[in-house]
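J.: The structure under discussion is supplied below as structure tokens; questions concerning it will follow.
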Amino acid sequence: MDAAPAGLLGTVTTHGPMTSRTLPPLKICRFAIGDGPVRIGLVRDDGTVLDLTPAGLTRLQPLLEGDDPGGRLRRLAGQKLPRLALAAVRLRAPVERQEIWAAGVTYLRSKAARMEESDFSASAYGQVYAAERPELFFKALAEKVVASGEPVGIRGDATWNVPEPELALVLNSRGRIVGHTIGNDMSSRDIEGANLLYLPQAKIYERSCALGPWITLGTPEPAARRWDVHLTIQRGRRRVFAGETSVGRIKRGFEELAGWLFRSQTFPHGAVLLTGTGVVPPDSFTLQAGDVIEIAVTGIGVLRNPVVAV
Ligand code: DO4
Ligand code: MG
């Protein structure tokens with residue numbers, strides 16, 4: 001189901017105080033067995049999940065807040081713990097109480113698409129791409145985020161709807177980037193294009209944010225910037241869109257974006273920050289209910305969501 005396609009599983013080179021070695025990236029997920037309670041798991045490349053709940057890890061936050069999440073996970077993974085087939089568990093969105101925010105117009109492609117979308121807003125998009133202060137907007141509460149496998153929504157009152165495939169930074173309460181996941185910043189381009197003041201309605205509605213399938217921990221920014229982002233949209237048996245970009249094309253640094261988010265604001269539960277889209281379907285394209293969106297990011301995996309009208 002949500003395992004990464006072959007070739008999408010990267011490795012991380014760590015340069016700790018004592019060692020410089022290549023370790024496989026750690027993938028931490030929230031999952032449930034049927035309708036059972038949420039559990040925390042370590043996703044293995046062999047298509048299994050190691051259930052960390054019996055080892056006392058019942059929430060992500062204590063792990064993400066710690067000084068060495070990777071070390072703690074590796075120690076836990078050394079214990080004798082239940083192992084389940086990934087295909088047999090229900091993945092939950094990898095967020096608990098974090099606020100979800102998003103950066104906009106961080107890729108040249110997004111700036112160009114938005115400037116074409118609306119004469120009314122063109123100068124605002126042009127200016128924000130070049131400005132020191134980035135565009136950052138609130139996207140979702142954690143409890144509203146959908147997981148991989150669950151439907152994302154297109155608004156019933158919009159006519160031009162697209163997914164936005166984005167790398168998402170997972171930040172702890174101190175603003176430290178502890179991991180990465182995949183985000184889908186679902187957007188109604190006709191509403192956004194009609195008037196920039198309608199942006200919250202174009203971006204925030206039922207099922208407008210998907211995150212998952214899990215969090216990859218501890219990849220340094222230079223390694224993450226080598227990742228690719230692939231978007232495919234399937235309509236029945238037809239692939240109606242495919243496109244890709246590289247994370248390295250994001251104009252701004254990750255620390256820069258995180259730093260702006262944490263200016264004059266605290267996040268006691270941490271935050272997730274989507275870093276903007278660099279893949280924009282042609283203007284003639286709009287999503288339909290029943291489409292299936294797949295976003296694959298190297299080093300993380302695949303976020304897959306069917307589309308429903310909301
Ligand atoms: O203001 C428009 C939003 C831009 C956006 O979401 C993006 O570039 O990803
Ligand atoms: Mg976006």
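Residue numbering restarts at 1 for every chain of the structure tokens, chains are lettered A, B, ... in their displayed order, and ligands are numbered from 1 as they appear.
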With DSSP run on the backbone, what are the alpha helix (DSSP H) residues within region 84-256 of chain A? I'd like them as JSON, numbers by chain.
T.: {"A": [108, 109, 110, 111, 112, 113, 114, 115, 116, 117, 122, 123, 124, 125, 126, 127, 128, 129, 130, 189, 190, 191, 192, 193, 194, 199, 200, 201, 202, 203, 221, 222, 223, 224, 254, 255, 256]}
J.: Any residue with an atom at most 8 Å from ligand 2 counts, using only C-alpha atoms and all ligand atoms. Which are they? Put them as a PyMOL selection string.
T.: chain A and resi 102-105+164-166+184-187+274-277
J.: Could the residues in this selection be written to a file with all heavy atoms, as a CSV table (one decimal), in the first residue's frame?
T.:
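In the end it all went to out_18.csv:
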```csv
chain,number,residue,atom,x,y,z
A,102,ALA,N,1.7,26.4,6.3
A,102,ALA,CA,2.3,26.2,4.9
A,102,ALA,C,3.0,27.5,4.4
A,102,ALA,O,2.5,28.6,4.7
A,102,ALA,CB,1.1,25.8,4.0
A,103,ALA,N,4.0,27.2,3.7
A,103,ALA,CA,4.7,28.4,3.0
A,103,ALA,C,4.2,28.4,1.6
A,103,ALA,O,3.8,27.3,1.0
A,103,ALA,CB,6.2,28.1,3.0
A,104,GLY,N,4.1,29.6,1.0
A,104,GLY,CA,3.6,29.7,-0.4
A,104,GLY,C,4.6,30.4,-1.3
A,104,GLY,O,5.5,31.2,-0.8
A,105,VAL,N,4.6,30.1,-2.6
A,105,VAL,CA,5.4,30.8,-3.6
A,105,VAL,C,6.9,30.7,-3.2
A,105,VAL,O,7.6,31.7,-3.3
A,105,VAL,CB,4.9,32.3,-3.8
A,105,VAL,CG1,5.4,32.8,-5.1
A,105,VAL,CG2,3.4,32.4,-3.7
A,164,GLU,N,-1.5,20.1,-4.1
A,164,GLU,CA,-0.2,20.7,-4.1
A,164,GLU,C,0.7,19.8,-3.3
A,164,GLU,O,0.6,19.7,-2.1
A,164,GLU,CB,-0.2,22.1,-3.4
A,164,GLU,CG,-1.0,23.1,-4.3
A,164,GLU,CD,-0.9,24.6,-3.9
A,164,GLU,OE1,-0.2,24.9,-2.9
A,164,GLU,OE2,-1.4,25.4,-4.7
A,165,PRO,N,1.6,19.1,-4.0
A,165,PRO,CA,2.5,18.1,-3.4
A,165,PRO,C,3.7,18.9,-2.7
A,165,PRO,O,4.4,19.6,-3.4
A,165,PRO,CB,3.0,17.3,-4.6
A,165,PRO,CG,3.0,18.2,-5.7
A,165,PRO,CD,1.8,19.2,-5.5
A,166,GLU,N,3.9,18.7,-1.5
A,166,GLU,CA,4.9,19.5,-0.8
A,166,GLU,C,5.7,18.7,0.3
A,166,GLU,O,5.1,17.9,1.0
A,166,GLU,CB,4.2,20.7,-0.1
A,166,GLU,CG,3.3,21.5,-1.0
A,166,GLU,CD,2.8,22.8,-0.5
A,166,GLU,OE1,3.3,23.3,0.6
A,166,GLU,OE2,2.0,23.4,-1.2
A,184,ASN,N,0.0,17.4,1.3
A,184,ASN,CA,-0.9,17.8,0.2
A,184,ASN,C,-1.7,19.0,0.6
A,184,ASN,O,-2.6,18.9,1.4
A,184,ASN,CB,-1.8,16.6,-0.3
A,184,ASN,CG,-2.6,17.0,-1.5
A,184,ASN,OD1,-2.6,18.2,-1.9
A,184,ASN,ND2,-3.2,16.0,-2.1
A,185,ASP,N,-1.3,20.2,0.1
A,185,ASP,CA,-2.0,21.4,0.4
A,185,ASP,C,-3.1,21.6,-0.7
A,185,ASP,O,-2.9,22.4,-1.6
A,185,ASP,CB,-0.9,22.5,0.3
A,185,ASP,CG,-1.5,23.9,0.4
A,185,ASP,OD1,-2.6,24.1,0.9
A,185,ASP,OD2,-0.8,24.9,-0.1
A,186,MET,N,-4.2,20.9,-0.5
A,186,MET,CA,-5.3,21.0,-1.5
A,186,MET,C,-5.8,22.4,-1.6
A,186,MET,O,-5.9,23.1,-0.6
A,186,MET,CB,-6.5,20.1,-1.0
A,186,MET,CG,-6.2,18.6,-1.1
A,186,MET,SD,-6.1,17.9,-2.7
A,186,MET,CE,-7.8,18.0,-3.2
A,187,SER,N,-6.0,22.9,-2.9
A,187,SER,CA,-6.3,24.3,-3.1
A,187,SER,C,-7.3,24.5,-4.2
A,187,SER,O,-7.3,23.7,-5.2
A,187,SER,CB,-5.0,25.0,-3.6
A,187,SER,OG,-3.9,24.8,-2.7
A,274,LEU,N,4.5,23.0,5.7
A,274,LEU,CA,4.6,22.6,4.3
A,274,LEU,C,5.4,23.6,3.6
A,274,LEU,O,5.3,24.8,3.9
A,274,LEU,CB,3.2,22.5,3.7
A,274,LEU,CG,2.4,21.2,4.0
A,274,LEU,CD1,2.0,21.1,5.4
A,274,LEU,CD2,1.2,21.1,3.1
A,275,THR,N,6.3,23.2,2.7
A,275,THR,CA,7.3,24.1,2.2
A,275,THR,C,7.0,24.7,0.8
A,275,THR,O,7.8,25.3,0.2
A,275,THR,CB,8.7,23.4,2.1
A,275,THR,OG1,8.5,22.2,1.3
A,275,THR,CG2,9.2,23.1,3.5
A,276,GLY,N,5.8,24.4,0.3
A,276,GLY,CA,5.4,25.1,-0.9
A,276,GLY,C,5.4,24.0,-2.1
A,276,GLY,O,6.1,23.0,-2.0
A,277,THR,N,4.7,24.4,-3.1
A,277,THR,CA,4.6,23.4,-4.3
A,277,THR,C,5.4,23.9,-5.4
A,277,THR,O,5.5,25.1,-5.7
A,277,THR,CB,3.1,23.2,-4.7
A,277,THR,OG1,3.1,22.2,-5.7
A,277,THR,CG2,2.5,24.5,-5.4
```
J.: Would you tabulate, counting only C-alpha atoms, all residues of region 262-310 of chain A that have an atom at most 6 Å from an atom of region 129-149 of chain A, showing the closest pair of atoms and their distance in Å to one decimal, sorted by chain then ascending number, as a tab-separated table?
T.:
```
residue	atom	partner	partner_atom	distance
A:Leu303	CA	A:Ser148	CA	5.2
A:Arg304	CA	A:Ser148	CA	5.2
A:Asn305	CA	A:Gly149	CA	5.1
```
J.: With all heavy atoms retained, write the just-selected residues as a CSV table (one decimal), in the first residue's frame.
T.:
```csv
chain,number,residue,atom,x,y,z
A,303,LEU,N,2.4,9.3,-0.4
A,303,LEU,CA,1.1,9.7,0.2
A,303,LEU,C,0.1,9.6,-0.9
A,303,LEU,O,0.2,10.1,-2.0
A,303,LEU,CB,1.3,11.2,0.6
A,303,LEU,CG,0.0,11.9,1.1
A,303,LEU,CD1,-0.5,11.3,2.4
A,303,LEU,CD2,0.3,13.4,1.3
A,304,ARG,N,-0.9,8.7,-0.6
A,304,ARG,CA,-1.9,8.4,-1.6
A,304,ARG,C,-3.3,8.7,-1.1
A,304,ARG,O,-3.7,8.2,0.0
A,304,ARG,CB,-1.8,6.9,-2.0
A,304,ARG,CG,-2.8,6.4,-3.0
A,304,ARG,CD,-2.7,4.9,-3.3
A,304,ARG,NE,-1.4,4.6,-3.9
A,304,ARG,CZ,-0.5,3.8,-3.3
A,304,ARG,NH1,-0.8,3.3,-2.1
A,304,ARG,NH2,0.6,3.5,-3.8
A,305,ASN,N,-4.1,9.5,-1.8
A,305,ASN,CA,-5.4,9.8,-1.3
A,305,ASN,C,-6.4,9.9,-2.5
A,305,ASN,O,-6.2,10.5,-3.5
A,305,ASN,CB,-5.4,11.2,-0.7
A,305,ASN,CG,-4.5,11.3,0.5
A,305,ASN,OD1,-3.3,11.8,0.3
A,305,ASN,ND2,-4.9,10.9,1.6
```
J.: Ranking A:Pro200, A:Pro24, A:Gly78, A:Gly259 by minimum distance to ligand 1 and counting only C-alpha atoms and all ligand atoms, which one comes first?
T.: A:Pro200
J.: Kindly indicate which residue among A:Arg249, A:Arg97, A:Arg207, A:Arg114 lies nearest to ligand 1, using only C-alpha atoms and all ligand atoms for the distances.
T.: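 Closest residue, counting only C-alpha atoms and all ligand atoms: A:Arg114.
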J.: Using DSSP assignments from the backbone, pull out every residue in region 76-256 of chain A that falls under strand (DSSP E or B) and give it to me as a PyMOL selection string.
T.: chain A and resi 83-85+90-92+99-104+135-141+146+152-154+161-162+165-171+177-185+187-188+209-217+228-235+238-246
J.: Pick out the closest residue to Leu50 (chain A) from this set: A:Gly71, A:Pro222, A:Pro25, A:Pro82. Count only C-alpha atoms.
T.: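 Ranking A:Gly71, A:Pro222, A:Pro25, A:Pro82 by distance to Leu50 (chain A), first place goes to A:Pro82.
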J.: Identify, on the basis of only C-alpha atoms, every residue whose closest approach to Arg75 (chain A) does not exceed 12 Å; exclude the query and any residue fewer than 5 positions from it along the same chain; express the result as a list in words.
T.: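 With the cut-off at 12 Å, the set is Leu42, Leu52, Ala55, Leu57, Asp68, Pro69, Gly70, Lys80 and Leu81 of chain A.
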J.: Using CA of Arg30 (chain A) and CA of Gln61 (chain A) as the two end points, give the distance in Å to one decimal.
T.: 11.5 Å
J.: If we count only C-alpha atoms and set the cut-off at 9 Å, which residues sit around Lys27 (chain A), ignoring sequence neighbours fewer than 2 positions away in its own chain? Please answer as a short mmCIF file (atom, residue, chain, number, x, y, z; two decimals) with N, CA and C atoms, in the first residue's frame.
T.:
```cif
data_model
loop_
_atom_site.label_atom_id
_atom_site.label_comp_id
_atom_site.auth_asym_id
_atom_site.auth_seq_id
_atom_site.Cartn_x
_atom_site.Cartn_y
_atom_site.Cartn_z
N PRO A 25 17.45 5.64 6.95
CA PRO A 25 16.59 6.62 7.61
C PRO A 25 15.54 5.91 8.46
N CYS A 29 5.73 5.96 12.39
CA CYS A 29 4.34 6.16 11.97
C CYS A 29 3.38 6.07 13.16
N GLY A 41 4.70 3.19 15.54
CA GLY A 41 5.45 2.11 14.92
C GLY A 41 6.68 2.60 14.17
N LEU A 42 7.62 1.68 14.01
CA LEU A 42 8.81 1.95 13.20
C LEU A 42 8.63 1.17 11.90
N VAL A 43 8.62 1.89 10.77
CA VAL A 43 8.38 1.26 9.48
C VAL A 43 9.69 0.70 8.95
N ARG A 44 9.69 -0.58 8.61
CA ARG A 44 10.91 -1.23 8.11
C ARG A 44 10.83 -1.34 6.59
N TRP A 214 4.24 8.71 6.83
CA TRP A 214 4.93 8.66 8.12
C TRP A 214 5.96 9.78 8.16
N ILE A 215 6.74 9.84 9.24
CA ILE A 215 7.79 10.85 9.37
C ILE A 215 9.14 10.16 9.21
N THR A 216 9.97 10.72 8.34
CA THR A 216 11.36 10.25 8.24
C THR A 216 12.19 11.15 9.14
N LEU A 217 12.92 10.54 10.06
CA LEU A 217 13.64 11.33 11.06
C LEU A 217 15.05 11.68 10.65
N ILE A 300 11.19 9.46 1.70
CA ILE A 300 10.04 9.34 2.62
C ILE A 300 9.16 8.18 2.19
#
```
J.: With distances taken over only C-alpha atoms, which residue among A:Phe285, A:Tyr198, A:Phe31, A:Phe267 lies nearest Ile100 (chain A)?
T.: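 Closest to Ile100 (chain A), using only C-alpha atoms: A:Phe267.
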J.: Would you list the contacts of Gly153 (chain A) as a ChimeraX atom specification, taking every protein, DNA or RNA residue within 12 Å and counting only C-alpha atoms, but skipping same-chain residues closer than 2 positions in sequence?
T.: /A:144-146,150-151,155-158,161-163,184-188,202-210,287-293,305-310
J.: Pick from A:Leu257, A:Val49, A:Val279, A:Ala93: nearest to ligand 1, with only C-alpha atoms and all ligand atoms counted?
T.: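 Checking each candidate against ligand 1, we get A:Val279 as the closest.
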J.: Can you work out which one of A:Lys111, A:Arg72, A:Arg238, A:Arg90 has the shortest atom-to-atom distance to ligand 1, counting only C-alpha atoms and all ligand atoms?
T.: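 Smallest separation from ligand 1 among the options: A:Lys111.
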J.: Any idea what's packed within 7 Å of Val89 (chain A), counting only C-alpha atoms, ignoring anything in its chain fewer than 4 positions away? Could you give it as a ChimeraX atom specification?
T.: /A:31-33,85
J.: Could you save those same residues with all heavy atoms as a CSV table (one decimal), in the first residue's frame?
T.:
```csv
chain,number,residue,atom,x,y,z
A,31,PHE,N,-0.3,4.3,13.8
A,31,PHE,CA,-1.1,3.4,13.1
A,31,PHE,C,-2.1,2.8,14.1
A,31,PHE,O,-2.0,2.9,15.3
A,31,PHE,CB,-0.3,2.3,12.5
A,31,PHE,CG,0.3,1.3,13.4
A,31,PHE,CD1,-0.3,0.1,13.7
A,31,PHE,CD2,1.5,1.6,14.1
A,31,PHE,CE1,0.2,-0.9,14.6
A,31,PHE,CE2,2.0,0.7,15.0
A,31,PHE,CZ,1.4,-0.6,15.3
A,32,ALA,N,-3.1,2.1,13.5
A,32,ALA,CA,-4.1,1.4,14.3
A,32,ALA,C,-4.3,0.0,13.7
A,32,ALA,O,-4.1,-0.2,12.5
A,32,ALA,CB,-5.4,2.2,14.3
A,33,ILE,N,-4.8,-0.9,14.6
A,33,ILE,CA,-5.2,-2.2,14.1
A,33,ILE,C,-6.7,-2.2,14.0
A,33,ILE,O,-7.3,-2.0,15.1
A,33,ILE,CB,-4.6,-3.3,15.0
A,33,ILE,CG1,-3.1,-3.2,15.0
A,33,ILE,CG2,-5.0,-4.7,14.5
A,33,ILE,CD1,-2.4,-4.0,16.1
A,85,ALA,N,2.5,-6.7,9.4
A,85,ALA,CA,2.6,-6.4,8.0
A,85,ALA,C,2.1,-5.0,7.8
A,85,ALA,O,1.0,-4.7,8.3
A,85,ALA,CB,1.9,-7.4,7.2
```
